[in-house]
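S.K.: Next comes upload-v2.cif, mmCIF, C-alpha atoms:
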```cif
data_run
loop_
_atom_site.group_PDB
_atom_site.id
_atom_site.type_symbol
_atom_site.label_atom_id
_atom_site.label_comp_id
_atom_site.auth_asym_id
_atom_site.auth_seq_id
_atom_site.Cartn_x
_atom_site.Cartn_y
_atom_site.Cartn_z
ATOM 1 C CA MET A 162 32.097 68.806 -101.717
ATOM 2 C CA ARG A 163 35.398 68.649 -99.989
ATOM 3 C CA THR A 164 35.452 68.269 -96.245
ATOM 4 C CA THR A 165 38.195 68.596 -93.659
ATOM 5 C CA GLY A 166 37.550 65.259 -92.118
ATOM 6 C CA THR A 167 35.903 61.994 -92.580
ATOM 7 C CA ARG A 168 32.895 61.176 -90.490
ATOM 8 C CA THR A 169 32.837 57.627 -89.316
ATOM 9 C CA GLY A 170 30.793 55.873 -86.707
ATOM 10 C CA SER A 171 28.407 53.175 -85.912
ATOM 11 C CA TYR A 172 24.713 53.162 -85.600
ATOM 12 C CA SER A 173 23.139 52.704 -82.280
ATOM 13 C CA SER A 174 21.123 49.666 -81.621
ATOM 14 C CA ALA A 175 18.021 51.801 -81.925
ATOM 15 C CA GLY A 176 19.044 52.636 -85.454
ATOM 16 C CA GLY A 177 18.815 55.916 -87.350
ATOM 17 C CA GLY A 178 21.630 58.077 -85.877
ATOM 18 C CA MET A 179 25.309 58.116 -85.549
ATOM 19 C CA SER A 180 26.808 57.572 -82.117
ATOM 20 C CA ALA A 181 28.614 60.655 -80.834
ATOM 21 C CA SER A 182 31.187 58.528 -79.237
ATOM 22 C CA GLY A 183 32.352 57.276 -82.605
ATOM 23 C CA ARG A 184 33.568 60.615 -83.991
ATOM 24 C CA THR A 185 37.190 61.324 -84.654
ATOM 25 C CA GLY A 186 38.876 64.606 -84.871
ATOM 26 C CA SER A 187 41.113 65.982 -87.477
ATOM 27 C CA SER A 188 44.085 64.420 -85.833
ATOM 28 C CA GLY A 189 42.562 60.952 -86.035
ATOM 29 C CA ARG A 190 42.703 60.414 -82.250
ATOM 30 C CA LYS A 191 39.830 58.846 -80.351
ATOM 31 C CA SER A 192 38.134 60.955 -77.708
ATOM 32 C CA SER A 193 39.132 60.210 -74.190
ATOM 33 C CA ALA A 194 35.716 61.072 -72.853
ATOM 34 C CA GLY A 195 34.295 58.214 -70.947
ATOM 35 C CA ALA A 196 37.642 56.532 -70.415
ATOM 36 C CA GLY A 197 37.889 54.634 -67.176
ATOM 37 C CA ARG A 198 34.182 54.122 -66.833
ATOM 38 C CA VAL A 199 33.005 50.854 -65.423
ATOM 39 C CA VAL A 200 30.122 49.183 -67.119
ATOM 40 C CA SER A 201 27.453 47.995 -64.718
ATOM 41 C CA GLY A 202 27.860 44.321 -63.900
ATOM 42 C CA GLN A 203 31.495 44.220 -64.885
ATOM 43 C CA ARG A 204 34.188 43.488 -62.214
ATOM 44 C CA PRO A 205 36.869 46.143 -62.168
ATOM 45 C CA PRO A 206 40.471 45.104 -62.465
ATOM 46 C CA LEU A 207 42.689 44.762 -59.439
ATOM 47 C CA GLY A 208 43.920 48.054 -58.119
ATOM 48 C CA SER A 209 41.260 50.071 -59.891
ATOM 49 C CA GLY A 210 38.709 52.289 -58.258
ATOM 50 C CA ASN A 211 38.910 55.264 -56.004
ATOM 51 C CA GLY A 212 38.593 53.945 -52.483
ATOM 52 C CA SER A 213 41.084 53.205 -49.809
ATOM 53 C CA ARG A 214 39.722 49.651 -49.434
ATOM 54 C CA GLY A 215 40.990 47.339 -52.089
ATOM 55 C CA SER A 216 39.425 44.154 -53.220
ATOM 56 C CA GLY A 217 42.424 42.214 -51.793
ATOM 57 C CA ARG A 218 41.333 42.709 -48.175
ATOM 58 C CA ARG A 219 43.133 40.476 -45.614
ATOM 59 C CA ARG A 220 41.116 38.320 -43.253
ATOM 60 C CA ARG A 221 41.697 38.841 -39.528
ATOM 61 C CA ARG A 222 42.962 35.888 -37.473
ATOM 62 C CA ARG A 223 41.099 34.950 -34.324
ATOM 63 C CA GLY A 224 43.455 34.622 -31.284
ATOM 64 C CA VAL A 225 43.009 32.500 -28.023
ATOM 65 C CA GLY A 226 41.451 34.662 -25.361
ATOM 66 C CA PRO A 227 42.499 34.785 -21.657
ATOM 67 C CA GLY A 228 39.410 32.834 -20.637
ATOM 68 C CA ALA A 229 40.437 29.865 -22.761
ATOM 69 C CA TRP A 230 43.936 29.875 -21.221
ATOM 70 C CA LEU A 231 42.442 29.872 -17.749
ATOM 71 C CA VAL A 232 40.253 26.866 -18.538
ATOM 72 C CA LEU A 233 43.243 25.040 -19.979
ATOM 73 C CA ALA A 234 45.343 25.768 -16.879
ATOM 74 C CA VAL A 235 42.580 24.500 -14.594
ATOM 75 C CA LEU A 236 42.322 21.277 -16.586
ATOM 76 C CA VAL A 237 46.084 20.707 -16.426
ATOM 77 C CA VAL A 238 46.165 21.273 -12.666
ATOM 78 C CA ALA A 239 43.219 18.922 -12.189
ATOM 79 C CA VAL A 240 44.890 16.155 -14.188
ATOM 80 C CA ILE A 241 48.208 16.526 -12.366
ATOM 81 C CA GLY A 242 46.503 16.695 -8.973
ATOM 82 C CA GLY A 243 44.429 13.612 -9.683
ATOM 83 C CA ALA A 244 47.499 11.656 -10.754
ATOM 84 C CA PHE A 245 49.370 12.765 -7.625
ATOM 85 C CA PHE A 246 46.622 11.663 -5.251
ATOM 86 C CA TYR A 247 46.222 8.364 -7.070
ATOM 87 C CA ILE A 248 49.933 7.601 -6.817
ATOM 88 C CA ARG A 249 50.045 8.648 -3.154
ATOM 89 C CA ASN A 250 47.069 6.474 -2.222
ATOM 90 C CA ARG A 251 48.514 3.589 -4.177
ATOM 91 C CA ASN A 252 51.836 3.914 -2.346
ATOM 92 C CA ARG A 253 50.019 4.055 0.997
ATOM 93 C CA GLU A 254 48.181 0.819 0.223
ATOM 94 C CA GLN A 255 51.408 -0.902 -0.783
ATOM 95 C CA MET A 256 53.191 0.358 2.352
ATOM 96 C CA GLN A 257 50.484 -1.035 4.597
ATOM 97 C CA ALA A 258 50.512 -4.365 2.762
ATOM 98 C CA TYR A 259 54.297 -4.739 3.123
ATOM 99 C CA ALA A 260 54.159 -3.687 6.783
ATOM 100 C CA GLN A 261 51.447 -6.238 7.552
ATOM 101 C CA GLU A 262 53.433 -8.951 5.794
ATOM 102 C CA GLY A 263 56.557 -8.023 7.760
ATOM 103 C CA ALA A 264 54.729 -8.150 11.096
ATOM 104 C CA GLU A 265 53.319 -11.577 10.292
ATOM 105 C CA LEU A 266 56.734 -12.924 9.264
ATOM 106 C CA LEU A 267 58.242 -11.513 12.470
ATOM 107 C CA ALA A 268 55.644 -13.372 14.538
ATOM 108 C CA GLN A 269 56.453 -16.567 12.616
ATOM 109 C CA GLY A 270 60.165 -16.209 13.363
ATOM 110 C CA ASP A 271 61.226 -15.656 9.736
ATOM 111 C CA TYR A 272 63.339 -12.631 10.588
ATOM 112 C CA GLU A 273 65.205 -12.275 7.304
ATOM 113 C CA ALA A 274 62.003 -12.237 5.242
ATOM 114 C CA ALA A 275 60.395 -9.915 7.768
ATOM 115 C CA ILE A 276 63.232 -7.409 7.416
ATOM 116 C CA ALA A 277 62.939 -7.525 3.611
ATOM 117 C CA ALA A 278 59.184 -6.848 3.722
ATOM 118 C CA LEU A 279 59.581 -4.033 6.238
ATOM 119 C CA ASP A 280 62.323 -2.441 4.126
ATOM 120 C CA ALA A 281 59.969 -2.584 1.127
ATOM 121 C CA ALA A 282 57.366 -0.729 3.170
ATOM 122 C CA LEU A 283 59.886 1.938 4.128
ATOM 123 C CA ALA A 284 60.979 2.316 0.490
ATOM 124 C CA LYS A 285 57.437 3.450 -0.355
ATOM 125 C CA SER A 286 57.526 6.014 2.422
ATOM 126 C CA GLY A 287 59.179 9.402 2.676
ATOM 127 C CA SER A 288 62.360 10.370 4.476
ATOM 128 C CA GLN A 289 60.564 11.713 7.561
ATOM 129 C CA ILE A 290 59.696 9.387 10.438
ATOM 130 C CA GLY A 291 56.026 9.647 11.266
ATOM 131 C CA GLU A 292 53.845 7.351 13.324
ATOM 132 C CA PHE A 293 53.567 4.728 10.587
ATOM 133 C CA GLU A 294 57.288 4.764 9.805
ATOM 134 C CA ALA A 295 58.126 4.478 13.510
ATOM 135 C CA GLU A 296 56.020 1.330 13.845
ATOM 136 C CA VAL A 297 57.694 -0.228 10.808
ATOM 137 C CA LEU A 298 61.178 0.666 12.068
ATOM 138 C CA SER A 299 60.363 -0.706 15.511
ATOM 139 C CA CYS A 300 59.347 -4.048 13.994
ATOM 140 C CA ARG A 301 62.499 -4.101 11.895
ATOM 141 C CA ALA A 302 64.700 -3.366 14.918
ATOM 142 C CA GLU A 303 63.072 -6.219 16.822
ATOM 143 C CA ALA A 304 63.611 -8.583 13.887
ATOM 144 C CA GLU A 305 67.268 -7.543 13.637
ATOM 145 C CA TYR A 306 67.738 -8.026 17.384
ATOM 146 C CA ARG A 307 66.160 -11.490 17.378
ATOM 147 C CA GLN A 308 68.230 -12.428 14.357
ATOM 148 C CA GLY A 309 71.353 -11.573 16.362
ATOM 149 C CA ASP A 310 72.356 -8.612 14.200
ATOM 150 C CA TYR A 311 72.832 -6.278 17.166
ATOM 151 C CA GLU A 312 74.744 -3.629 15.239
ATOM 152 C CA ALA A 313 71.897 -3.250 12.723
ATOM 153 C CA ALA A 314 69.306 -3.243 15.510
ATOM 154 C CA LEU A 315 71.323 -0.603 17.368
ATOM 155 C CA ALA A 316 71.385 1.642 14.285
ATOM 156 C CA THR A 317 67.623 1.296 13.858
ATOM 157 C CA TYR A 318 66.874 1.975 17.518
ATOM 158 C CA ARG A 319 69.172 5.005 17.467
ATOM 159 C CA LYS A 320 67.261 6.400 14.490
ATOM 160 C CA LEU A 321 64.022 5.960 16.417
ATOM 161 C CA MET A 322 65.497 7.509 19.556
ATOM 162 C CA GLU A 323 66.638 10.567 17.568
ATOM 163 C CA ALA A 324 63.125 11.009 16.163
ATOM 164 C CA TYR A 325 61.455 10.406 19.555
ATOM 165 C CA PRO A 326 64.027 11.276 22.246
ATOM 166 C CA ASP A 327 61.552 10.901 25.136
ATOM 167 C CA ASP A 328 60.339 7.410 24.221
ATOM 168 C CA THR A 329 61.508 4.951 26.893
ATOM 169 C CA ASP A 330 60.966 1.866 24.722
ATOM 170 C CA TYR A 331 63.358 3.109 22.043
ATOM 171 C CA LYS A 332 65.931 4.037 24.686
ATOM 172 C CA THR A 333 65.627 0.572 26.177
ATOM 173 C CA GLY A 334 66.162 -0.935 22.737
ATOM 174 C CA VAL A 335 69.406 1.019 22.404
ATOM 175 C CA VAL A 336 70.514 -0.133 25.867
ATOM 176 C CA LEU A 337 69.804 -3.802 25.147
ATOM 177 C CA CYS A 338 71.796 -3.626 21.919
ATOM 178 C CA LEU A 339 74.689 -1.926 23.704
ATOM 179 C CA ILE A 340 74.600 -4.666 26.345
ATOM 180 C CA GLU A 341 74.868 -7.314 23.640
ATOM 181 C CA THR A 342 77.740 -5.497 21.962
ATOM 182 C CA GLY A 343 79.495 -5.109 25.342
ATOM 183 C CA ASP A 344 79.417 -1.322 25.515
ATOM 184 C CA LEU A 345 77.995 -1.158 29.038
ATOM 185 C CA GLU A 346 79.392 2.272 29.872
ATOM 186 C CA SER A 347 77.520 3.829 26.953
ATOM 187 C CA ALA A 348 74.438 1.879 27.987
ATOM 188 C CA LEU A 349 74.522 3.430 31.465
ATOM 189 C CA GLU A 350 74.622 6.912 29.936
ATOM 190 C CA ILE A 351 71.200 6.370 28.299
ATOM 191 C CA GLY A 352 69.600 6.393 31.758
ATOM 192 C CA VAL A 353 67.109 3.517 31.372
ATOM 193 C CA ALA A 354 67.108 -0.234 32.085
ATOM 194 C CA GLN A 355 69.801 0.239 34.696
ATOM 195 C CA GLY A 356 68.914 -2.999 36.414
ATOM 196 C CA ARG A 357 69.596 -4.999 33.256
ATOM 197 C CA ILE A 358 72.882 -3.209 32.703
ATOM 198 C CA TYR A 359 74.122 -3.941 36.208
ATOM 199 C CA ASN A 360 72.972 -7.527 35.866
ATOM 200 C CA GLN A 361 75.045 -7.887 32.716
ATOM 201 C CA MET A 362 78.015 -6.377 34.525
ATOM 202 C CA ALA A 363 77.521 -8.970 37.240
ATOM 203 C CA VAL A 364 77.394 -11.763 34.649
ATOM 204 C CA GLN A 365 80.725 -10.632 33.229
ATOM 205 C CA ARG A 366 82.267 -10.709 36.699
ATOM 206 C CA ILE A 367 80.802 -14.132 37.467
ATOM 207 C CA ALA A 368 82.398 -15.459 34.248
ATOM 208 C CA ILE A 369 85.865 -14.590 35.630
ATOM 209 C CA GLU A 370 84.881 -15.686 39.176
ATOM 210 C CA ASP A 371 85.089 -12.149 40.555
ATOM 211 C CA TYR A 372 82.171 -12.778 42.904
ATOM 212 C CA GLU A 373 82.829 -9.807 45.149
ATOM 213 C CA MET A 374 82.421 -7.267 42.331
ATOM 214 C CA ALA A 375 79.520 -9.272 40.916
ATOM 215 C CA ALA A 376 77.726 -8.991 44.263
ATOM 216 C CA GLN A 377 78.198 -5.210 44.200
ATOM 217 C CA TYR A 378 76.703 -4.914 40.714
ATOM 218 C CA ILE A 379 73.768 -7.091 41.776
ATOM 219 C CA ALA A 380 73.109 -4.853 44.770
ATOM 220 C CA LEU A 381 73.148 -1.796 42.479
ATOM 221 C CA GLY A 382 70.797 -3.454 40.021
ATOM 222 C CA LYS A 383 68.294 -4.487 42.683
ATOM 223 C CA ALA A 384 67.767 -0.820 43.512
ATOM 224 C CA TYR A 385 65.852 -0.460 40.205
ATOM 225 C CA THR A 386 62.748 -2.352 41.210
ATOM 226 C CA ASP A 387 60.605 -1.092 38.297
ATOM 227 C CA ASP A 388 62.105 -3.643 35.867
ATOM 228 C CA GLU A 389 60.603 -7.069 36.642
ATOM 229 C CA THR A 390 62.771 -8.841 34.055
ATOM 230 C CA ALA A 391 65.939 -7.406 35.565
ATOM 231 C CA GLN A 392 64.837 -8.318 39.093
ATOM 232 C CA LYS A 393 64.263 -11.912 38.041
ATOM 233 C CA GLU A 394 67.731 -12.180 36.486
ATOM 234 C CA LEU A 395 69.415 -10.404 39.394
ATOM 235 C CA ALA A 396 67.790 -12.716 41.956
ATOM 236 C CA TYR A 397 68.981 -15.788 40.088
ATOM 237 C CA ASN A 398 72.536 -14.489 39.746
ATOM 238 C CA GLU A 399 72.567 -13.594 43.430
ATOM 239 C CA ALA A 400 72.099 -17.287 44.146
ATOM 240 C CA VAL A 401 74.862 -18.124 41.663
ATOM 241 C CA VAL A 402 77.246 -15.754 43.465
ATOM 242 C CA ALA A 403 76.421 -17.321 46.836
ATOM 243 C CA GLU A 404 77.126 -20.760 45.429
ATOM 244 C CA GLY A 405 80.354 -19.526 43.842
ATOM 245 C CA THR A 406 81.631 -18.207 47.165
ATOM 246 C CA GLY A 407 80.883 -21.528 48.853
ATOM 247 C CA ASP A 408 77.920 -20.281 50.888
ATOM 248 C CA TYR A 409 75.779 -23.281 49.984
ATOM 249 C CA GLU A 410 73.094 -22.744 52.593
ATOM 250 C CA SER A 411 72.415 -19.205 51.372
ATOM 251 C CA ALA A 412 72.561 -20.375 47.747
ATOM 252 C CA LEU A 413 70.011 -23.132 48.503
ATOM 253 C CA ARG A 414 67.643 -20.659 50.149
ATOM 254 C CA LEU A 415 68.008 -18.163 47.297
ATOM 255 C CA PHE A 416 67.396 -20.743 44.575
ATOM 256 C CA GLN A 417 64.361 -22.146 46.382
ATOM 257 C CA ALA A 418 62.976 -18.644 46.880
ATOM 258 C CA TRP A 419 63.521 -17.938 43.183
ATOM 259 C CA VAL A 420 61.621 -21.069 42.141
ATOM 260 C CA THR A 421 58.784 -20.238 44.508
ATOM 261 C CA LYS A 422 58.447 -16.718 43.102
ATOM 262 C CA TYR A 423 59.184 -17.172 39.407
ATOM 263 C CA GLY A 424 58.459 -20.827 38.778
ATOM 264 C CA SER A 425 60.541 -23.951 38.337
ATOM 265 C CA THR A 426 63.074 -24.390 35.522
ATOM 266 C CA ASP A 427 65.344 -27.329 34.695
ATOM 267 C CA GLU A 428 68.437 -25.270 35.432
ATOM 268 C CA ALA A 429 67.180 -24.081 38.817
ATOM 269 C CA GLU A 430 66.123 -27.590 39.839
ATOM 270 C CA ARG A 431 69.575 -28.942 38.941
ATOM 271 C CA GLU A 432 71.178 -26.305 41.147
ATOM 272 C CA ILE A 433 68.893 -27.193 44.027
ATOM 273 C CA GLU A 434 69.652 -30.899 43.675
ATOM 274 C CA PHE A 435 73.373 -30.180 43.649
ATOM 275 C CA LEU A 436 73.142 -28.005 46.752
ATOM 276 C CA ARG A 437 71.202 -30.724 48.571
ATOM 277 C CA THR A 438 74.342 -32.807 48.423
ATOM 278 C CA ARG A 439 76.395 -30.007 49.954
ATOM 279 C CA VAL A 440 74.102 -29.025 52.818
ATOM 280 C CA ASP A 441 73.388 -31.402 55.711
ATOM 281 C CA ASN A 442 70.088 -29.818 56.749
ATOM 282 C CA ALA A 443 68.933 -29.152 53.201
ATOM 283 C CA ASP A 444 65.394 -30.412 53.860
ATOM 284 C CA GLU A 445 65.011 -28.117 56.846
ATOM 285 C CA ILE A 446 66.314 -25.182 54.857
ATOM 286 C CA LEU A 447 63.967 -25.866 51.974
ATOM 287 C CA ALA A 448 61.024 -26.323 54.333
ATOM 288 C CA GLY A 449 61.895 -23.111 56.107
ATOM 289 C CA THR A 450 62.150 -21.272 52.826
ATOM 290 C CA GLU A 451 58.728 -22.473 51.715
ATOM 291 C CA GLY A 452 57.248 -21.562 55.100
ATOM 292 C CA GLN A 453 58.799 -18.108 54.918
ATOM 293 C CA GLU A 454 57.332 -17.571 51.456
ATOM 294 C CA GLU A 455 53.870 -18.542 52.738
ATOM 295 C CA THR A 456 54.300 -16.196 55.714
ATOM 296 C CA ASP A 457 55.328 -13.339 53.457
ATOM 297 C CA SER A 458 52.367 -14.007 51.196
ATOM 298 C CA GLY A 459 49.969 -14.102 54.167
ATOM 299 C CA GLU A 460 51.339 -10.872 55.567
ATOM 300 C CA ALA A 461 50.924 -9.200 52.192
ATOM 301 C CA GLU A 462 47.279 -10.297 51.998
ATOM 302 C CA GLU A 463 46.599 -9.098 55.571
ATOM 303 C CA SER A 464 48.204 -5.766 54.752
ATOM 304 C CA THR A 465 45.992 -5.405 51.690
ATOM 305 C CA GLU A 466 42.857 -6.201 53.707
ATOM 306 C CA GLU A 467 43.814 -3.676 56.411
ATOM 307 C CA GLU A 468 44.370 -0.978 53.802
ATOM 308 C CA SER A 469 40.964 -1.730 52.284
ATOM 309 C CA GLN A 470 39.266 -1.501 55.690
ATOM 310 C CA GLU A 471 40.997 1.809 56.432
ATOM 311 C CA GLU A 472 39.870 3.222 53.095
ATOM 312 C CA GLY A 473 36.308 2.121 53.829
ATOM 313 C CA THR A 474 36.367 3.765 57.259
ATOM 314 C CA GLU A 475 37.691 7.003 55.812
ATOM 315 C CA ALA A 476 34.985 6.987 53.155
ATOM 316 C CA GLU A 477 32.213 6.522 55.770
ATOM 317 C CA SER A 478 33.543 9.334 57.988
ATOM 318 C CA SER A 479 33.992 11.805 55.124
ATOM 319 C CA PRO A 480 31.562 14.783 54.834
ATOM 320 C CA ALA A 481 30.355 13.506 51.485
ATOM 321 C CA ALA A 482 29.266 10.184 53.039
ATOM 322 C CA GLN A 483 27.388 12.013 55.786
#
```
Go ahead and render the structure in this file as structure tokens.

M.R.:
Amino acid sequence: MRTTGTRTGSYSSAGGGMSASGRTGSSGRKSSAGAGRVVSGQRPPLGSGNGSRGSGRRRRRRGVGPGAWLVLAVLVVAVIGGAFFYIRNRNREQMQAYAQEGAELLAQGDYEAAIAALDAALAKSGSQIGEFEAEVLSCRAEAEYRQGDYEAALATYRKLMEAYPDDTDYKTGVVLCLIETGDLESALEIGVAQGRIYNQMAVQRIAIEDYEMAAQYIALGKAYTDDETAQKELAYNEAVVAEGTGDYESALRLFQAWVTKYGSTDEAEREIEFLRTRVDNADEILAGTEGQEETDSGEAEESTEEESQEEGTEAESSPAAQ
């Protein structure tokens, strides 16, 4: 029997029948039914399927949160702060060590080495002058002055005076340096150590034998009785002026009074011995001077005792004592 088509196919695994999927039509084309199906257990190809999520999904990256940045910032600040305090403390220890070394060298009279050590201490310090820096600068100024470098000492004392304008010691340091450099007019303008300035003026006049002007400067200097060093120098130069003018008796009395008050020196004793040869009644003058000193001392003691007795009487008669 003739047919319009040829039936072909394959038997199912169960046997007996023809699989419907194996038929072909008259055109010889395979049926498209079941195309695109995915067999269970089989991985579909890339880009297949119906969903919006593909199998090539990208993994999300995890970023650094704000909390982690905060912890990191705290750690950085802690490290920097610790290093800063360590360096500062280390510098402070080195400053103190150099300052101590400089002070010891100054006491030993090694002024050059002392200045070097004190400068090393200042190099570890800041630009501002605090209490520590002022002490170091004061030691350096003293070392420069003793070394004879008056210009350097003057610059250091001026720096201290600018930082502490009311400090009398620093002002006095400036004055002493100005005296050594010969700028006495500027020294007077500072307003301290006037007795020493006038004494130096007197010394300059004595050097050119201008005893009259020297005597005037001595009288001006003696008005500043708060400076014991100046009074000692002025009293000695007063005797020198008397000797220079030829008033040997007064010079002998003044020198003897100076020795009695301030103690004997080789220079003063030589002056006294010289004046003995110029004054006929030198022994009487010297004896009278010694007796006058004893009288003055006794009167001072009696005055002190009287003042004490008066204070005691006032205390007994006060309402509180009653």

S.K.: Report, in Å to a single decimal, how far apart atom CA of A:Ile340 and atom CA of A:Leu279 are.

M.R.: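 Between these atoms lies a distance of 25.1 Å.
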
S.K.: Atom CA of A:Ala313 to atom CA of A:Phe293: how many Å, to one decimal?

M.R.: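 Value for the atom CA of A:Ala313-atom CA of A:Phe293 distance: 20.1 Å.
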
S.K.: Which is closer to A:Ser288 than all the others in A:Arg357, A:Arg366, A:Lys332, A:Lys320, using all atoms listed in the file?

M.R.: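 Residue with the minimum atom-to-atom distance to A:Ser288: A:Lys320.
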
S.K.: Please, what distance in Å, to one decimal, runs between atom CA of A:Lys285 and atom CA of A:Ala260?

M.R.: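 Atom CA of A:Ala260 lies at a distance of 10.6 Å from atom CA of A:Lys285.
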
S.K.: Which of these, A:Ala348, A:Ser286, A:Ala396, A:Asp427, has the shortest distance to A:Ala412 once you count all atoms listed in the file?

M.R.: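 Counting all atoms listed in the file, the residue closest to A:Ala412 is A:Ala396.
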
S.K.: To test your reading of the syntax: which residues would the PyMOL selection byres ((chain A and resi 276) around 8) return for the file shown? Reply as number ranges by chain.

M.R.: A: 263, 272-275, 277-280, 301, 304-305

S.K.: For the PyMOL selection byres ((chain A and resi 419) around 10), applied here, can you spell out every residue it catches as an MDAnalysis selection string?

M.R.: chainID A and resid 393:394 396:397 400 413:418 420:425 429

S.K.: Tell me which residues the PyMOL selection byres ((chain A and resi 439) around 10) grabs here, as a PyMOL selection string.

M.R.: chain A and resi 407-410+413+433-438+440-443
